[in-house]
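Note: the block below is data-v4.json and it holds JSON, C-alpha atoms.
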```json
[["chain", "number", "residue", "atom", "x", "y", "z"],
["A", 1, "MET", "CA", -17.93, -6.90, 75.30],
["A", 2, "SER", "CA", -15.02, -5.79, 73.16],
["A", 3, "ASP", "CA", -11.58, -5.38, 74.69],
["A", 4, "PRO", "CA", -10.63, -1.67, 74.33],
["A", 5, "THR", "CA", -7.33, -1.88, 76.17],
["A", 6, "LEU", "CA", -7.68, -3.67, 79.49],
["A", 7, "ARG", "CA", -10.13, -6.01, 81.15],
["A", 8, "PRO", "CA", -10.89, -6.73, 84.82],
["A", 9, "GLY", "CA", -9.23, -9.96, 85.93],
["A", 10, "ALA", "CA", -12.10, -11.20, 88.11],
["A", 11, "PRO", "CA", -15.46, -10.07, 89.49],
["A", 12, "ARG", "CA", -13.66, -8.84, 92.61],
["A", 13, "ASP", "CA", -11.95, -6.20, 90.42],
["A", 14, "LEU", "CA", -15.39, -4.91, 89.43],
["A", 15, "PHE", "CA", -16.38, -4.83, 93.10],
["A", 16, "ARG", "CA", -13.22, -2.91, 94.02],
["A", 17, "VAL", "CA", -13.55, -0.29, 91.27],
["A", 18, "PHE", "CA", -17.29, 0.27, 91.70],
["A", 19, "HIS", "CA", -16.78, 0.45, 95.48],
["A", 20, "ARG", "CA", -14.08, 3.08, 94.99],
["A", 21, "MET", "CA", -16.39, 5.01, 92.64],
["A", 22, "ALA", "CA", -19.19, 4.92, 95.18],
["A", 23, "LEU", "CA", -16.93, 6.35, 97.87],
["A", 24, "GLN", "CA", -15.72, 9.15, 95.58],
["A", 25, "GLY", "CA", -19.04, 10.16, 94.13],
["A", 26, "PHE", "CA", -21.41, 10.45, 97.05],
["A", 27, "GLY", "CA", -24.51, 12.18, 95.71],
["A", 28, "GLY", "CA", -23.61, 11.51, 92.09],
["A", 29, "VAL", "CA", -21.38, 8.68, 90.93],
["A", 30, "LEU", "CA", -21.90, 9.24, 87.21],
["A", 31, "ALA", "CA", -19.23, 11.93, 86.95],
["A", 32, "VAL", "CA", -16.70, 9.64, 88.62],
["A", 33, "THR", "CA", -17.78, 6.59, 86.59],
["A", 34, "GLN", "CA", -16.55, 7.94, 83.27],
["A", 35, "ARG", "CA", -13.16, 8.89, 84.73],
["A", 36, "GLU", "CA", -12.69, 5.53, 86.47],
["A", 37, "LEU", "CA", -13.87, 3.17, 83.71],
["A", 38, "VAL", "CA", -12.50, 5.04, 80.69],
["A", 39, "GLU", "CA", -9.49, 7.01, 81.87],
["A", 40, "ARG", "CA", -8.16, 5.16, 84.91],
["A", 41, "GLU", "CA", -9.01, 1.47, 84.41],
["A", 42, "ARG", "CA", -9.35, 1.68, 80.59],
["A", 43, "TRP", "CA", -12.02, -1.01, 80.57],
["A", 44, "LEU", "CA", -14.13, 0.98, 78.10],
["A", 45, "THR", "CA", -13.46, 3.48, 75.33],
["A", 46, "ARG", "CA", -15.29, 6.82, 75.48],
["A", 47, "GLU", "CA", -17.58, 5.64, 72.70],
["A", 48, "GLN", "CA", -18.42, 2.43, 74.56],
["A", 49, "PHE", "CA", -19.08, 4.42, 77.74],
["A", 50, "VAL", "CA", -21.49, 6.73, 75.90],
["A", 51, "GLU", "CA", -23.27, 3.75, 74.31],
["A", 52, "HIS", "CA", -23.67, 2.04, 77.69],
["A", 53, "LEU", "CA", -24.80, 5.28, 79.33],
["A", 54, "SER", "CA", -27.37, 5.89, 76.59],
["A", 55, "ILE", "CA", -28.93, 2.51, 77.24],
["A", 56, "ALA", "CA", -28.70, 2.94, 81.02],
["A", 57, "GLN", "CA", -30.59, 6.22, 80.79],
["A", 58, "VAL", "CA", -33.62, 4.77, 79.01],
["A", 59, "LEU", "CA", -33.92, 1.75, 81.30],
["A", 60, "PRO", "CA", -35.99, 2.13, 84.46],
["A", 61, "GLY", "CA", -33.99, 2.82, 87.61],
["A", 62, "PRO", "CA", -30.89, 4.82, 88.46],
["A", 63, "ASN", "CA", -28.52, 5.27, 85.51],
["A", 64, "VAL", "CA", -25.37, 4.28, 87.37],
["A", 65, "ILE", "CA", -27.00, 1.10, 88.74],
["A", 66, "ASN", "CA", -28.04, 0.12, 85.21],
["A", 67, "LEU", "CA", -24.53, 0.94, 84.01],
["A", 68, "ALA", "CA", -22.90, -1.20, 86.74],
["A", 69, "LEU", "CA", -25.16, -4.13, 85.92],
["A", 70, "MET", "CA", -24.50, -3.89, 82.16],
["A", 71, "ILE", "CA", -20.74, -3.54, 82.52],
["A", 72, "GLY", "CA", -20.46, -6.30, 85.12],
["A", 73, "ASP", "CA", -22.62, -8.60, 83.00],
["A", 74, "GLY", "CA", -20.59, -7.80, 79.91],
["A", 75, "PHE", "CA", -17.36, -8.93, 81.54],
["A", 76, "PHE", "CA", -18.43, -11.80, 83.83],
["A", 77, "GLY", "CA", -22.14, -12.48, 83.35],
["A", 78, "TRP", "CA", -24.43, -12.43, 86.37],
["A", 79, "ARG", "CA", -21.47, -12.77, 88.78],
["A", 80, "GLY", "CA", -19.90, -9.62, 87.39],
["A", 81, "ALA", "CA", -23.21, -7.78, 87.49],
["A", 82, "MET", "CA", -23.71, -8.67, 91.16],
["A", 83, "ALA", "CA", -20.11, -7.80, 92.06],
["A", 84, "ALA", "CA", -20.36, -4.36, 90.41],
["A", 85, "LEU", "CA", -23.75, -3.72, 92.02],
["A", 86, "ALA", "CA", -22.54, -4.78, 95.49],
["A", 87, "GLY", "CA", -19.44, -2.60, 95.16],
["A", 88, "LEU", "CA", -21.58, 0.36, 94.18],
["A", 89, "LEU", "CA", -24.17, -0.01, 96.96],
["A", 90, "LEU", "CA", -22.40, -1.40, 100.03],
["A", 91, "ALA", "CA", -20.66, 1.68, 101.46],
["A", 92, "PRO", "CA", -23.27, 4.26, 100.37],
["A", 93, "LEU", "CA", -26.00, 2.25, 102.05],
["A", 94, "ALA", "CA", -24.14, 2.30, 105.35],
["A", 95, "ILE", "CA", -23.26, 5.98, 104.95],
["A", 96, "VAL", "CA", -26.82, 7.03, 104.05],
["A", 97, "LEU", "CA", -28.33, 5.16, 106.97],
["A", 98, "SER", "CA", -25.84, 6.79, 109.32],
["A", 99, "LEU", "CA", -26.37, 10.25, 107.85],
["A", 100, "ALA", "CA", -30.16, 9.89, 107.98],
["A", 101, "THR", "CA", -29.91, 9.22, 111.69],
["A", 102, "ILE", "CA", -27.65, 12.22, 112.22],
["A", 103, "TYR", "CA", -29.74, 14.47, 109.94],
["A", 104, "ALA", "CA", -32.88, 13.70, 111.89],
["A", 105, "ARG", "CA", -31.21, 15.28, 114.91],
["A", 106, "LEU", "CA", -29.32, 18.17, 113.23],
["A", 107, "SER", "CA", -31.54, 19.28, 110.31],
["A", 108, "THR", "CA", -32.52, 22.55, 111.97],
["A", 109, "VAL", "CA", -28.91, 23.72, 112.42],
["A", 110, "PRO", "CA", -28.18, 26.45, 109.79],
["A", 111, "PHE", "CA", -24.65, 25.16, 109.17],
["A", 112, "VAL", "CA", -26.01, 21.73, 108.17],
["A", 113, "ALA", "CA", -28.60, 23.24, 105.81],
["A", 114, "GLY", "CA", -25.90, 25.38, 104.14],
["A", 115, "ALA", "CA", -23.57, 22.42, 103.74],
["A", 116, "LEU", "CA", -26.30, 20.44, 101.98],
["A", 117, "ARG", "CA", -26.96, 23.31, 99.54],
["A", 118, "GLY", "CA", -23.23, 23.44, 98.77],
["A", 119, "MET", "CA", -23.14, 19.70, 98.08],
["A", 120, "GLY", "CA", -25.96, 20.16, 95.56],
["A", 121, "ALA", "CA", -23.92, 22.77, 93.67],
["A", 122, "VAL", "CA", -20.88, 20.47, 93.59],
["A", 123, "ALA", "CA", -22.97, 17.58, 92.26],
["A", 124, "ALA", "CA", -24.35, 19.81, 89.47],
["A", 125, "GLY", "CA", -20.81, 20.84, 88.55],
["A", 126, "LEU", "CA", -19.68, 17.20, 88.33],
["A", 127, "VAL", "CA", -22.54, 16.35, 85.99],
["A", 128, "ILE", "CA", -21.67, 19.30, 83.73],
["A", 129, "ALA", "CA", -17.98, 18.28, 83.73],
["A", 130, "THR", "CA", -18.89, 14.74, 82.66],
["A", 131, "ALA", "CA", -21.10, 16.07, 79.86],
["A", 132, "LEU", "CA", -18.25, 18.22, 78.56],
["A", 133, "LYS", "CA", -15.87, 15.25, 78.57],
["A", 134, "VAL", "CA", -18.14, 13.12, 76.38],
["A", 135, "VAL", "CA", -18.96, 15.87, 73.84],
["A", 136, "PRO", "CA", -16.06, 14.81, 71.52],
["A", 137, "THR", "CA", -17.70, 11.39, 71.07],
["A", 138, "LEU", "CA", -20.65, 13.08, 69.38],
["A", 139, "LYS", "CA", -18.50, 13.58, 66.27],
["A", 140, "LYS", "CA", -18.80, 9.83, 65.65],
["A", 141, "ASN", "CA", -22.50, 9.78, 66.53],
["A", 142, "PRO", "CA", -24.73, 9.10, 63.49],
["A", 143, "MET", "CA", -26.64, 12.32, 64.18],
["A", 144, "GLY", "CA", -23.48, 14.44, 64.40],
["A", 145, "LEU", "CA", -22.61, 17.21, 66.82],
["A", 146, "PRO", "CA", -24.98, 19.96, 65.56],
["A", 147, "LEU", "CA", -28.11, 17.80, 65.63],
["A", 148, "SER", "CA", -27.14, 16.26, 68.99],
["A", 149, "ALA", "CA", -26.64, 19.77, 70.40],
["A", 150, "ALA", "CA", -30.04, 20.79, 69.03],
["A", 151, "PHE", "CA", -31.70, 17.82, 70.76],
["A", 152, "ALA", "CA", -29.92, 18.69, 74.01],
["A", 153, "THR", "CA", -31.09, 22.30, 73.77],
["A", 154, "VAL", "CA", -34.69, 21.36, 73.01],
["A", 155, "THR", "CA", -34.64, 18.88, 75.91],
["A", 156, "TRP", "CA", -33.28, 21.54, 78.28],
["A", 157, "VAL", "CA", -35.92, 24.06, 77.17],
["A", 158, "ALA", "CA", -38.76, 21.53, 77.44],
["A", 159, "ILE", "CA", -37.80, 20.33, 80.92],
["A", 160, "GLY", "CA", -35.91, 23.26, 82.45],
["A", 161, "LEU", "CA", -37.92, 26.19, 81.16],
["A", 162, "LEU", "CA", -41.32, 24.83, 80.15],
["A", 163, "HIS", "CA", -41.43, 22.23, 82.96],
["A", 164, "TRP", "CA", -42.86, 19.54, 80.71],
["A", 165, "PRO", "CA", -43.00, 16.05, 82.28],
["A", 166, "LEU", "CA", -39.67, 14.25, 81.88],
["A", 167, "VAL", "CA", -41.27, 10.99, 80.78],
["A", 168, "TRP", "CA", -43.02, 12.60, 77.80],
["A", 169, "VAL", "CA", -39.98, 14.59, 76.75],
["A", 170, "VAL", "CA", -37.78, 11.49, 76.88],
["A", 171, "LEU", "CA", -40.32, 9.36, 75.03],
["A", 172, "GLY", "CA", -41.00, 11.98, 72.37],
["A", 173, "LEU", "CA", -37.54, 13.38, 71.73],
["A", 174, "GLY", "CA", -35.89, 10.03, 72.41],
["A", 175, "ALA", "CA", -38.06, 8.28, 69.83],
["A", 176, "LEU", "CA", -37.40, 11.03, 67.30],
["A", 177, "ALA", "CA", -33.62, 10.91, 67.91],
["A", 178, "MET", "CA", -33.56, 7.11, 67.66],
["A", 179, "GLY", "CA", -35.51, 7.30, 64.41],
["A", 180, "ILE", "CA", -33.06, 9.79, 62.93],
["A", 181, "ALA", "CA", -30.04, 7.76, 64.08],
["A", 182, "TRP", "CA", -31.55, 4.54, 62.74],
["A", 183, "THR", "CA", -32.25, 6.16, 59.36],
["A", 184, "ARG", "CA", -28.72, 7.53, 59.10],
["A", 185, "LEU", "CA", -27.18, 4.21, 60.11],
["A", 186, "ARG", "CA", -29.25, 2.42, 57.47],
["A", 187, "GLU", "CA", -28.02, 4.86, 54.84],
["A", 188, "ARG", "CA", -24.39, 4.03, 55.65]]
```
Could the structure of this file be written out as structure tokens, please?
Amino acid sequence: MSDPTLRPGAPRDLFRVFHRMALQGFGGVLAVTQRELVERERWLTREQFVEHLSIAQVLPGPNVINLALMIGDGFFGWRGAMAALAGLLLAPLAIVLSLATIYARLSTVPFVAGALRGMGAVAAGLVIATALKVVPTLKKNPMGLPLSAAFATVTWVAIGLLHWPLVWVVLGLGALAMGIAWTRLRER
């Protein structure tokens, strides 16, 4: 892994930062991840973050778990991967188990149902904010901003409006986008 500006000193630093991210981003850590790793800790550049995220999104499993494993492995091998993963999962696991127990008893209370709907709106806003922060990196993308925006729009229409299965949209549009990027990189 290249050294953008700073580097964690030990696997425990990965644990600490991923643990802090997990506590900040309950219900959606991805929005917090970019801020912590790129802006606060400066372990990755925006471009590196987008590259890692792109790979994390096509791998099976949760994106942020894949991201933690890749970043931890990149800095400290398997020890770093396990430290980042443990930091990311330890507190949320305890919180979710506790909340599940409480929810089983309080799920019929209108206040609780309303609070959960509000949390969903906040999580959606965080995802949109993260997307807007990484848009400038598309200028350096081999496909460029207009074509990347076109792919994003077609993906949104296919999944959001036409309700096509996510797996087929990702496989089809993802393969097409990778082909275009590969061709443009070869031409350079």
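Separating atom CA of His163 of chain A from atom CA of Leu138 of chain A is a distance of 26.5 Å.
With atom CA of Val122 of chain A on one side and atom CA of Leu30 of chain A on the other, the separation reads 13.0 Å.
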Q | Shell of 8 Å around Met21 of chain A, only C-alpha atoms, local chain residues under 4 positions omitted, as a ChimeraX atom specification | A | /A:17,25,29,32-33,36,88
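Checking A:Pro92, A:Gly125, A:Pro11, A:Pro142 one by one against Gly77 of chain A, counting only C-alpha atoms, you find the shortest gap at A:Pro11.
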Q: Might you pull out every residue within 12 Å of Ser54 of chain A, with only C-alpha atoms counted and same-chain residues fewer than 2 positions away left off, and present them as an MDAnalysis selection string?
A: chainID A and resid 47:52 56:59 63:64 66:67 70 134 141 170 174 177:178
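The list of residues within 10 Å of (-14.1, 1.6, 99.0), counted using all atoms listed in the file, is A:Phe15, A:Arg16, A:Val17, A:Phe18, A:His19, A:Arg20, A:Met21, A:Ala22, A:Leu23, A:Gln24, A:Gly87, A:Leu88, A:Leu90, A:Ala91, A:Pro92.
Put simply, atom CA of Val135 of chain A is 24.2 Å away from atom CA of Gly61 of chain A.
If all atoms listed in the file are the atoms counted, then among A:Ala129, A:Ala100, A:Leu147, A:Ala181 the closest residue to Ala31 of chain A is A:Ala129.
If you count only C-alpha atoms and draw a sphere of 6 Å around (-18.3, -6.7, 87.5), the protein and nucleic acid residues inside it come out as Pro11, Leu14, Gly72, Gly80, Ala81, Ala83 and Ala84 of chain A.
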Q | Selected residue, from A:Leu145, A:Gly28, A:Pro8, A:Gly179, that lies nearest to Gly120 of chain A when counting only C-alpha atoms | A | A:Gly28
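The residue that comes closest to Thr155 of chain A, out of A:Trp168, A:Met143, A:Leu173, A:Leu185 and on the basis of all atoms listed in the file, is A:Leu173.
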Find the axis-aligned box for segment 85-95 of chain A, covering all its listed atoms and adding 6 Å on each side, and write its centre and edge lengths in Å to one decimal as lines of an AutoDock Vina configuration file.
```
center_x = -22.7
center_y = 0.6
center_z = 98.7
size_x = 18.6
size_y = 22.8
size_z = 25.3
```
Starting from the sparse input, extend segment 90-121 of chain A to N, CA and C atoms and give the output as a PDB file, keeping the file's coordinate frame.
```pdb
ATOM      1  N   LEU A  90     -22.739  -1.026  98.652  1.00  0.00           N
ATOM      2  CA  LEU A  90     -22.400  -1.400 100.030  1.00  0.00           C
ATOM      3  C   LEU A  90     -22.082  -0.200 100.924  1.00  0.00           C
ATOM      4  N   ALA A  91     -21.057   0.545 100.605  1.00  0.00           N
ATOM      5  CA  ALA A  91     -20.660   1.680 101.460  1.00  0.00           C
ATOM      6  C   ALA A  91     -21.702   2.794 101.475  1.00  0.00           C
ATOM      7  N   PRO A  92     -22.262   3.190 100.318  1.00  0.00           N
ATOM      8  CA  PRO A  92     -23.270   4.260 100.370  1.00  0.00           C
ATOM      9  C   PRO A  92     -24.480   3.904 101.224  1.00  0.00           C
ATOM     10  N   LEU A  93     -24.865   2.650 101.223  1.00  0.00           N
ATOM     11  CA  LEU A  93     -26.000   2.250 102.050  1.00  0.00           C
ATOM     12  C   LEU A  93     -25.698   2.493 103.530  1.00  0.00           C
ATOM     13  N   ALA A  94     -24.527   2.084 103.961  1.00  0.00           N
ATOM     14  CA  ALA A  94     -24.140   2.300 105.350  1.00  0.00           C
ATOM     15  C   ALA A  94     -24.014   3.795 105.666  1.00  0.00           C
ATOM     16  N   ILE A  95     -23.431   4.543 104.738  1.00  0.00           N
ATOM     17  CA  ILE A  95     -23.260   5.980 104.950  1.00  0.00           C
ATOM     18  C   ILE A  95     -24.620   6.686 105.014  1.00  0.00           C
ATOM     19  N   VAL A  96     -25.507   6.366 104.084  1.00  0.00           N
ATOM     20  CA  VAL A  96     -26.820   7.030 104.050  1.00  0.00           C
ATOM     21  C   VAL A  96     -27.628   6.723 105.302  1.00  0.00           C
ATOM     22  N   LEU A  97     -27.597   5.499 105.746  1.00  0.00           N
ATOM     23  CA  LEU A  97     -28.330   5.160 106.970  1.00  0.00           C
ATOM     24  C   LEU A  97     -27.772   5.916 108.171  1.00  0.00           C
ATOM     25  N   SER A  98     -26.458   6.032 108.229  1.00  0.00           N
ATOM     26  CA  SER A  98     -25.840   6.790 109.320  1.00  0.00           C
ATOM     27  C   SER A  98     -26.181   8.272 109.228  1.00  0.00           C
ATOM     28  N   LEU A  99     -26.072   8.833 108.032  1.00  0.00           N
ATOM     29  CA  LEU A  99     -26.370  10.250 107.850  1.00  0.00           C
ATOM     30  C   LEU A  99     -27.840  10.576 108.104  1.00  0.00           C
ATOM     31  N   ALA A 100     -28.727   9.665 107.732  1.00  0.00           N
ATOM     32  CA  ALA A 100     -30.160   9.890 107.980  1.00  0.00           C
ATOM     33  C   ALA A 100     -30.427   9.995 109.477  1.00  0.00           C
ATOM     34  N   THR A 101     -29.760   9.169 110.236  1.00  0.00           N
ATOM     35  CA  THR A 101     -29.910   9.220 111.690  1.00  0.00           C
ATOM     36  C   THR A 101     -29.390  10.540 112.237  1.00  0.00           C
ATOM     37  N   ILE A 102     -28.232  10.954 111.760  1.00  0.00           N
ATOM     38  CA  ILE A 102     -27.650  12.220 112.220  1.00  0.00           C
ATOM     39  C   ILE A 102     -28.489  13.404 111.741  1.00  0.00           C
ATOM     40  N   TYR A 103     -28.951  13.372 110.498  1.00  0.00           N
ATOM     41  CA  TYR A 103     -29.740  14.470 109.940  1.00  0.00           C
ATOM     42  C   TYR A 103     -31.033  14.674 110.721  1.00  0.00           C
ATOM     43  N   ALA A 104     -31.638  13.584 111.134  1.00  0.00           N
ATOM     44  CA  ALA A 104     -32.880  13.700 111.890  1.00  0.00           C
ATOM     45  C   ALA A 104     -32.681  14.538 113.155  1.00  0.00           C
ATOM     46  N   ARG A 105     -31.492  14.523 113.683  1.00  0.00           N
ATOM     47  CA  ARG A 105     -31.210  15.280 114.910  1.00  0.00           C
ATOM     48  C   ARG A 105     -30.659  16.686 114.639  1.00  0.00           C
ATOM     49  N   LEU A 106     -30.011  16.896 113.476  1.00  0.00           N
ATOM     50  CA  LEU A 106     -29.320  18.170 113.230  1.00  0.00           C
ATOM     51  C   LEU A 106     -29.905  19.000 112.084  1.00  0.00           C
ATOM     52  N   SER A 107     -31.028  18.618 111.512  1.00  0.00           N
ATOM     53  CA  SER A 107     -31.540  19.280 110.310  1.00  0.00           C
ATOM     54  C   SER A 107     -31.909  20.745 110.515  1.00  0.00           C
ATOM     55  N   THR A 108     -32.145  21.153 111.719  1.00  0.00           N
ATOM     56  CA  THR A 108     -32.520  22.550 111.970  1.00  0.00           C
ATOM     57  C   THR A 108     -31.322  23.471 112.176  1.00  0.00           C
ATOM     58  N   VAL A 109     -30.131  22.911 112.231  1.00  0.00           N
ATOM     59  CA  VAL A 109     -28.910  23.720 112.420  1.00  0.00           C
ATOM     60  C   VAL A 109     -28.568  24.393 111.082  1.00  0.00           C
ATOM     61  N   PRO A 110     -28.447  25.732 111.053  1.00  0.00           N
ATOM     62  CA  PRO A 110     -28.180  26.450 109.790  1.00  0.00           C
ATOM     63  C   PRO A 110     -26.920  25.974 109.056  1.00  0.00           C
ATOM     64  N   PHE A 111     -25.886  25.628 109.789  1.00  0.00           N
ATOM     65  CA  PHE A 111     -24.650  25.160 109.170  1.00  0.00           C
ATOM     66  C   PHE A 111     -24.903  23.891 108.341  1.00  0.00           C
ATOM     67  N   VAL A 112     -25.696  22.982 108.862  1.00  0.00           N
ATOM     68  CA  VAL A 112     -26.010  21.730 108.170  1.00  0.00           C
ATOM     69  C   VAL A 112     -26.801  22.021 106.896  1.00  0.00           C
ATOM     70  N   ALA A 113     -27.799  22.890 106.982  1.00  0.00           N
ATOM     71  CA  ALA A 113     -28.600  23.240 105.810  1.00  0.00           C
ATOM     72  C   ALA A 113     -27.732  23.877 104.726  1.00  0.00           C
ATOM     73  N   GLY A 114     -26.804  24.747 105.103  1.00  0.00           N
ATOM     74  CA  GLY A 114     -25.900  25.380 104.140  1.00  0.00           C
ATOM     75  C   GLY A 114     -24.958  24.381 103.491  1.00  0.00           C
ATOM     76  N   ALA A 115     -24.474  23.454 104.276  1.00  0.00           N
ATOM     77  CA  ALA A 115     -23.570  22.420 103.740  1.00  0.00           C
ATOM     78  C   ALA A 115     -24.294  21.578 102.693  1.00  0.00           C
ATOM     79  N   LEU A 116     -25.534  21.242 102.937  1.00  0.00           N
ATOM     80  CA  LEU A 116     -26.300  20.440 101.980  1.00  0.00           C
ATOM     81  C   LEU A 116     -26.538  21.209 100.680  1.00  0.00           C
ATOM     82  N   ARG A 117     -26.798  22.504 100.766  1.00  0.00           N
ATOM     83  CA  ARG A 117     -26.960  23.310  99.540  1.00  0.00           C
ATOM     84  C   ARG A 117     -25.648  23.342  98.757  1.00  0.00           C
ATOM     85  N   GLY A 118     -24.528  23.447  99.441  1.00  0.00           N
ATOM     86  CA  GLY A 118     -23.230  23.440  98.770  1.00  0.00           C
ATOM     87  C   GLY A 118     -22.949  22.122  98.072  1.00  0.00           C
ATOM     88  N   MET A 119     -23.330  21.015  98.699  1.00  0.00           N
ATOM     89  CA  MET A 119     -23.140  19.700  98.080  1.00  0.00           C
ATOM     90  C   MET A 119     -23.953  19.585  96.793  1.00  0.00           C
ATOM     91  N   GLY A 120     -25.128  20.187  96.771  1.00  0.00           N
ATOM     92  CA  GLY A 120     -25.960  20.160  95.560  1.00  0.00           C
ATOM     93  C   GLY A 120     -25.274  20.881  94.410  1.00  0.00           C
ATOM     94  N   ALA A 121     -24.629  22.014  94.707  1.00  0.00           N
ATOM     95  CA  ALA A 121     -23.920  22.770  93.670  1.00  0.00           C
ATOM     96  C   ALA A 121     -22.732  21.970  93.135  1.00  0.00           C
TER      97      ALA A 121
END
```
